[in-house]
2 protein chains.
Amino acid sequence: MATGRTHRPATRSRGIPEATVARLPLYLRALTALSERSVPTVSSEELAAAAGVNSAKLRKDFSYLGSYGTRGVGYDVEYLVYQISRELGLTQDWPVVIVGIGNLGAALANYGGFASRGFRVAALIDADPGMAGKPVAGIPVQHTDELESIIRDNGVSIGVIATPAGAAQQVCDRLVAAGVTSILNFAPTVLSVPDGVDVRKVDLSIELQILAFHEQRKAGEEATTGVAAETAVPAAAREESGTDQGPDGDVPAVMPA
Amino acid sequence: MATGRTHRPATRSRGIPEATVARLPLYLRALTALSERSVPTVSSEELAAAAGVNSAKLRKDFSYLGSYGTRGVGYDVEYLVYQISRELGLTQDWPVVIVGIGNLGAALANYGGFASRGFRVAALIDADPGMAGKPVAGIPVQHTDELESIIRDNGVSIGVIATPAGAAQQVCDRLVAAGVTSILNFAPTVLSVPDGVDVRKVDLSIELQILAFHEQRKAGEEATTGVAAETAVPAAAREESGTDQGPDGDVPAVMPA
DNA sequence: CAGTGTGAACCGTTTCACAGCC
DNA sequence: GGCTGTGAAACGGTTCACACTG
């Protein structure tokens with residue numbers, strides 16, 4: 001799927017395919033787990049299984065980074081962790097602001113995976129004056145009025161939007177104007193941003209709709225013709241249902257600009 | 001990303017490309033907005049802009065559904081809303097269970113986009129006995145012990161996992177054993193499921209890492225050689241940064257099985 | 001004649017299969 | 001001998017450009 005945008009002709013050597021970039025975090029997580037168990041080396045086969053992709057894809061992916069493996073042996077776990085971290089830019093610290101501290105914003109603020117890999121929640125911002133000062137995940141919420149100064153004072157370049165849909169574009173505009181160049185958008189809206197700004201979106205309702213599509217198809221298949229599900233699909237009857245085998249990667253899109 | 005699995009050879013006429021399926025919810029959302037404003041028809045150009053894709057892609061997508069437009073005129077909004085809803089299986093009601101009612105689970109339970117489009121939160125499940133009975137988003141949380149009976153009694157085929165990573169696989173196994181065939185996974189783990197079960201994942205930390213990668217590249221480019229960001233990227237300097245133009249779709253992956 | 005519908009070209013990604021190296 | 005690294009083939013998706021139609 002990877003509709004991923006091709007930032008820059010990609011013709012150059014530093015051109016790692018977007019689909020590969022999207023899988024690097026997956027490899028990194030699997031490698032980190034191995035590292036914690038003090039496993040010294042892995043084969044492409046093992047690592048691929050742990051990351052949920054197939055080994056050919058993994059080897060091809062790594063080949064874009066360079067030749068970090070040893071033929072006949074496999075990959076050195078620690079070394080790979082470092083190389084991938086570096087490639088992803090996780091060896092530096094990325095201050096992030098979260099705008100919109102509702103249920104979701106709070107969930108994000110509390111999310112551990114944040115701090116673990118180079119990201120640091122620099123500030124929580126909300127439009128509700130009543131929230132100001134209240135600590136969420138140990139960080140005091142600040143009012144939207146402070147947005148610009150927070151961005152600038154902390155050198156923030158990554159922003160997370162967790163506001164209601166109606167406020168998203170406006171927040172986005174302010175973030176961009178203040179210097180943010182990468183945005184993770186949880187609001188169900190299409191954001192428009194100037195060139196040079198990356199937007200990635202996470203949309204729960206879309207994911208569910210895609211699942212529903214496949215679910216519907218499964219139901220339709222088992223009962224040969226129509227008769228679409230009225231009740232649930234019996235857990236049993238799934239002889240040759242839809243899904244496929246093997247784990248597969250995923251490549252969310254970087255929206256336009 | 002769309003590594004999307006090809007459920008079924010896709011050779012058949014009913015074979016709508018995975019990438020197209022992933023965009024249908026986007027079109028649906030845009031169309032719904034138009035519908036609310038009582039706009040009777042749209043051209044592919046207008047609708048594409050509202051959905052954040054280009055018109056050629058949109059027309060090609062619609063061509064897989066059939067010929068629902070009128071040459072020289074455009075598409076009938078209401079009619080299209082219905083056709084896409086039907087195609088996505090949203091004309092029926094999908095009961096969904098959410099397992100893991102922490103910050104994220106609560107956010108999901110409160111998420112409005114849920115109910116709006118064919119989905120109904122049938123139950124909230126959590127392993128903490130202390131949570132049992134407590135209402136979240138107006139729905140009383142039930143204990144994990146009830147999981148199997150809830151699934152069966154409500155004919156649930158779609159489950160959402162919002163538990164910590166450590167519990168995810170176990171919850172997943174129980175959901176699948178009880179009859180769930182589609183899972184939306186928010187836990188940062190690779191789930192393994194039997195054939196016939198679809199898994200889609202949403203992973204915050206992965207999205208951020210992908211953004212960091214591009215962000216890093218932007219910083220590296222402006223300062224010709226190295227000198228990677230120490231402070232933020234000046235909002236100004238972004239002549240020919242990374243991002244591209246035009247809005248683009250996205251196609252998260254359906255994980256393996 | 002404006003705008004849909006679509007064959008055909010193009011392009012990025014995945015998969016295959018094997019040469020090369022430890 | 002085992003496993004990596006990689007050309008080349010296969011594939012799915014996107015873009016182009018235009019024929020066709022209301």
# chains A, B, ... in the order shown; residues from 1 in each chain; ligands from 1
>>> interface_residues(of="chain B", to="chain C", cutoff="9 Å", atoms="only C-alpha atoms (C1' of nucleotides)", output="PDB file with all heavy atoms, in the first residue's frame")
ATOM      1  N   THR B   3       0.251  -2.713   2.412  1.00  0.00           N
ATOM      2  CA  THR B   3       0.704  -3.990   2.077  1.00  0.00           C
ATOM      3  C   THR B   3      -0.441  -4.827   1.967  1.00  0.00           C
ATOM      4  O   THR B   3      -0.429  -5.926   1.611  1.00  0.00           O
ATOM      5  CB  THR B   3       1.375  -4.383   3.276  1.00  0.00           C
ATOM      6  OG1 THR B   3       1.403  -5.648   3.303  1.00  0.00           O
ATOM      7  CG2 THR B   3       0.443  -3.987   4.337  1.00  0.00           C
ATOM      8  N   SER B  43     -18.411  16.884  -8.266  1.00  0.00           N
ATOM      9  CA  SER B  43     -17.556  16.399  -9.350  1.00  0.00           C
ATOM     10  C   SER B  43     -16.422  15.632  -8.688  1.00  0.00           C
ATOM     11  O   SER B  43     -16.169  15.773  -7.496  1.00  0.00           O
ATOM     12  CB  SER B  43     -16.989  17.569 -10.147  1.00  0.00           C
ATOM     13  OG  SER B  43     -16.096  18.316  -9.351  1.00  0.00           O
ATOM     14  N   SER B  44     -15.750  14.831  -9.463  1.00  0.00           N
ATOM     15  CA  SER B  44     -14.647  14.053  -8.904  1.00  0.00           C
ATOM     16  C   SER B  44     -13.577  14.996  -8.375  1.00  0.00           C
ATOM     17  O   SER B  44     -12.922  14.719  -7.383  1.00  0.00           O
ATOM     18  CB  SER B  44     -14.059  13.127  -9.969  1.00  0.00           C
ATOM     19  OG  SER B  44     -13.535  13.871 -11.047  1.00  0.00           O
ATOM     20  N   ARG B  59     -11.642   8.657  -9.245  1.00  0.00           N
ATOM     21  CA  ARG B  59     -12.483   8.109 -10.320  1.00  0.00           C
ATOM     22  C   ARG B  59     -12.181   6.637 -10.535  1.00  0.00           C
ATOM     23  O   ARG B  59     -13.061   5.809 -10.709  1.00  0.00           O
ATOM     24  CB  ARG B  59     -12.270   8.877 -11.622  1.00  0.00           C
ATOM     25  CG  ARG B  59     -12.898  10.238 -11.638  1.00  0.00           C
ATOM     26  CD  ARG B  59     -13.131  10.758 -13.052  1.00  0.00           C
ATOM     27  NE  ARG B  59     -11.918  10.808 -13.848  1.00  0.00           N
ATOM     28  CZ  ARG B  59     -11.029  11.796 -13.764  1.00  0.00           C
ATOM     29  NH1 ARG B  59     -11.210  12.795 -12.933  1.00  0.00           N
ATOM     30  NH2 ARG B  59      -9.955  11.774 -14.525  1.00  0.00           N
ATOM     31  N   LYS B  60     -10.898   6.318 -10.475  1.00  0.00           N
ATOM     32  CA  LYS B  60     -10.518   4.916 -10.641  1.00  0.00           C
ATOM     33  C   LYS B  60     -11.115   4.089  -9.503  1.00  0.00           C
ATOM     34  O   LYS B  60     -11.662   3.006  -9.727  1.00  0.00           O
ATOM     35  CB  LYS B  60      -8.988   4.822 -10.653  1.00  0.00           C
ATOM     36  CG  LYS B  60      -8.383   3.436 -10.761  1.00  0.00           C
ATOM     37  CD  LYS B  60      -8.714   2.708 -12.048  1.00  0.00           C
ATOM     38  CE  LYS B  60      -7.666   2.910 -13.108  1.00  0.00           C
ATOM     39  NZ  LYS B  60      -7.886   2.205 -14.362  1.00  0.00           N
ATOM     40  N   SER B  63     -14.673   3.505 -10.047  1.00  0.00           N
ATOM     41  CA  SER B  63     -14.949   2.627 -11.182  1.00  0.00           C
ATOM     42  C   SER B  63     -14.981   1.164 -10.739  1.00  0.00           C
ATOM     43  O   SER B  63     -15.607   0.330 -11.386  1.00  0.00           O
ATOM     44  CB  SER B  63     -13.904   2.820 -12.287  1.00  0.00           C
ATOM     45  OG  SER B  63     -12.702   2.154 -11.970  1.00  0.00           O
ATOM     46  N   SER B  67     -20.551   2.106 -12.128  1.00  0.00           N
ATOM     47  CA  SER B  67     -20.653   3.426 -12.737  1.00  0.00           C
ATOM     48  C   SER B  67     -21.746   4.225 -12.054  1.00  0.00           C
ATOM     49  O   SER B  67     -22.900   4.210 -12.475  1.00  0.00           O
ATOM     50  CB  SER B  67     -20.962   3.298 -14.227  1.00  0.00           C
ATOM     51  OG  SER B  67     -19.838   2.799 -14.905  1.00  0.00           O
ATOM     52  N   GLY B  69     -21.594   7.568 -11.482  1.00  0.00           N
ATOM     53  CA  GLY B  69     -21.587   8.991 -11.800  1.00  0.00           C
ATOM     54  C   GLY B  69     -22.331   9.293 -13.095  1.00  0.00           C
ATOM     55  O   GLY B  69     -22.785   8.395 -13.799  1.00  0.00           O
ATOM     56  N   THR B  70     -22.429  10.575 -13.391  1.00  0.00           N
ATOM     57  CA  THR B  70     -23.084  10.998 -14.629  1.00  0.00           C
ATOM     58  C   THR B  70     -22.109  11.879 -15.400  1.00  0.00           C
ATOM     59  O   THR B  70     -21.686  12.922 -14.898  1.00  0.00           O
ATOM     60  CB  THR B  70     -24.353  11.818 -14.326  1.00  0.00           C
ATOM     61  OG1 THR B  70     -25.189  11.066 -13.453  1.00  0.00           O
ATOM     62  CG2 THR B  70     -25.092  12.127 -15.606  1.00  0.00           C
ATOM     63  N   ARG B  71     -21.754  11.456 -16.571  1.00  0.00           N
ATOM     64  CA  ARG B  71     -20.765  12.206 -17.348  1.00  0.00           C
ATOM     65  C   ARG B  71     -21.234  13.613 -17.610  1.00  0.00           C
ATOM     66  O   ARG B  71     -22.376  13.848 -17.931  1.00  0.00           O
ATOM     67  CB  ARG B  71     -20.501  11.488 -18.667  1.00  0.00           C
ATOM     68  CG  ARG B  71     -19.883  10.117 -18.451  1.00  0.00           C
ATOM     69  CD  ARG B  71     -19.692   9.363 -19.769  1.00  0.00           C
ATOM     70  NE  ARG B  71     -19.471   7.954 -19.505  1.00  0.00           N
ATOM     71  CZ  ARG B  71     -18.385   7.273 -19.891  1.00  0.00           C
ATOM     72  NH1 ARG B  71     -17.421   7.882 -20.544  1.00  0.00           N
ATOM     73  NH2 ARG B  71     -18.266   6.011 -19.617  1.00  0.00           N
ATOM     74  N   GLY B  72     -20.341  14.522 -17.450  1.00  0.00           N
ATOM     75  CA  GLY B  72     -20.686  15.913 -17.670  1.00  0.00           C
ATOM     76  C   GLY B  72     -21.308  16.567 -16.456  1.00  0.00           C
ATOM     77  O   GLY B  72     -21.433  17.775 -16.380  1.00  0.00           O
ATOM     78  N   VAL B  73     -21.657  15.765 -15.466  1.00  0.00           N
ATOM     79  CA  VAL B  73     -22.314  16.306 -14.281  1.00  0.00           C
ATOM     80  C   VAL B  73     -21.532  16.040 -12.995  1.00  0.00           C
ATOM     81  O   VAL B  73     -21.079  16.957 -12.323  1.00  0.00           O
ATOM     82  CB  VAL B  73     -23.730  15.709 -14.117  1.00  0.00           C
ATOM     83  CG1 VAL B  73     -24.401  16.271 -12.870  1.00  0.00           C
ATOM     84  CG2 VAL B  73     -24.568  15.995 -15.362  1.00  0.00           C
ATOM     85  N   GLY B  74     -21.349  14.767 -12.680  1.00  0.00           N
ATOM     86  CA  GLY B  74     -20.684  14.429 -11.425  1.00  0.00           C
ATOM     87  C   GLY B  74     -21.389  13.271 -10.746  1.00  0.00           C
ATOM     88  O   GLY B  74     -22.011  12.439 -11.400  1.00  0.00           O
TER      89      GLY B  74
END
>>> residues_around(residues="Val171 of chain B", least_positions_apart="6", cutoff="9 Å", atoms="only C-alpha atoms (C1' of nucleotides)", output="list of chain:residue names")
B:Val99, B:Thr144, B:Ile161, B:Thr163
>>> select_by_dssp(residues="segment 61-220 of chain B", states="alpha helix (DSSP H)", output="ChimeraX atom specification")
/B:61-65,77-88,103-110,112-116,147-154,165-178,204-220
>>> interface_residues(of="chain D", to="chain B", cutoff="10 Å", atoms="only C-alpha atoms (C1' of nucleotides)", output="PyMOL selection string")
chain D and resi 12-16+20-22
>>> residues_around(residues="Glu146 of chain A", least_positions_apart="5", cutoff="10 Å", atoms="only C-alpha atoms (C1' of nucleotides)", output="list in words")
Ile125, Asp126 and Ile151 of chain A
>>> write_last_selection(atoms="C-alpha atoms", output="short mmCIF file (atom, residue, chain, number, x, y, z; two decimals), in the first residue's frame")
data_model
loop_
_atom_site.label_atom_id
_atom_site.label_comp_id
_atom_site.auth_asym_id
_atom_site.auth_seq_id
_atom_site.Cartn_x
_atom_site.Cartn_y
_atom_site.Cartn_z
CA ILE A 125 -1.89 22.09 25.54
CA ASP A 126 -5.62 22.50 25.82
CA ILE A 151 6.89 25.67 20.45
#
>>> closest_residue(among="B:Ala30, B:Leu175, B:Ala187, B:Leu104", to="chain A", atoms="only C-alpha atoms")
B:Leu104
>>> atom_distance(atom1="atom CA of Leu28 of chain A", atom2="atom CA of Ile84 of chain A")
6.7 Å
>>> select_by_dssp(residues="segment 144-233 of chain B", states="strand (DSSP E)", output="VMD selection string")
chain B and resid 158 to 161 182 to 185 198 to 201
>>> residues_around(residues="segment 89-98 of chain B", least_positions_apart="5", cutoff="10 Å", atoms="only C-alpha atoms (C1' of nucleotides)", output="JSON, numbers by chain")
{"A": [208, 209, 210, 211, 212, 213, 214, 215, 216, 217, 228, 229, 230, 231, 232], "B": [82, 83, 84, 105, 106, 108, 109, 114, 115, 117, 118, 119, 120, 121, 122, 123, 124, 125, 126, 141, 147, 150, 151, 154, 155, 156, 157, 158, 159, 160, 161, 162, 163, 175, 180, 182, 183, 184]}
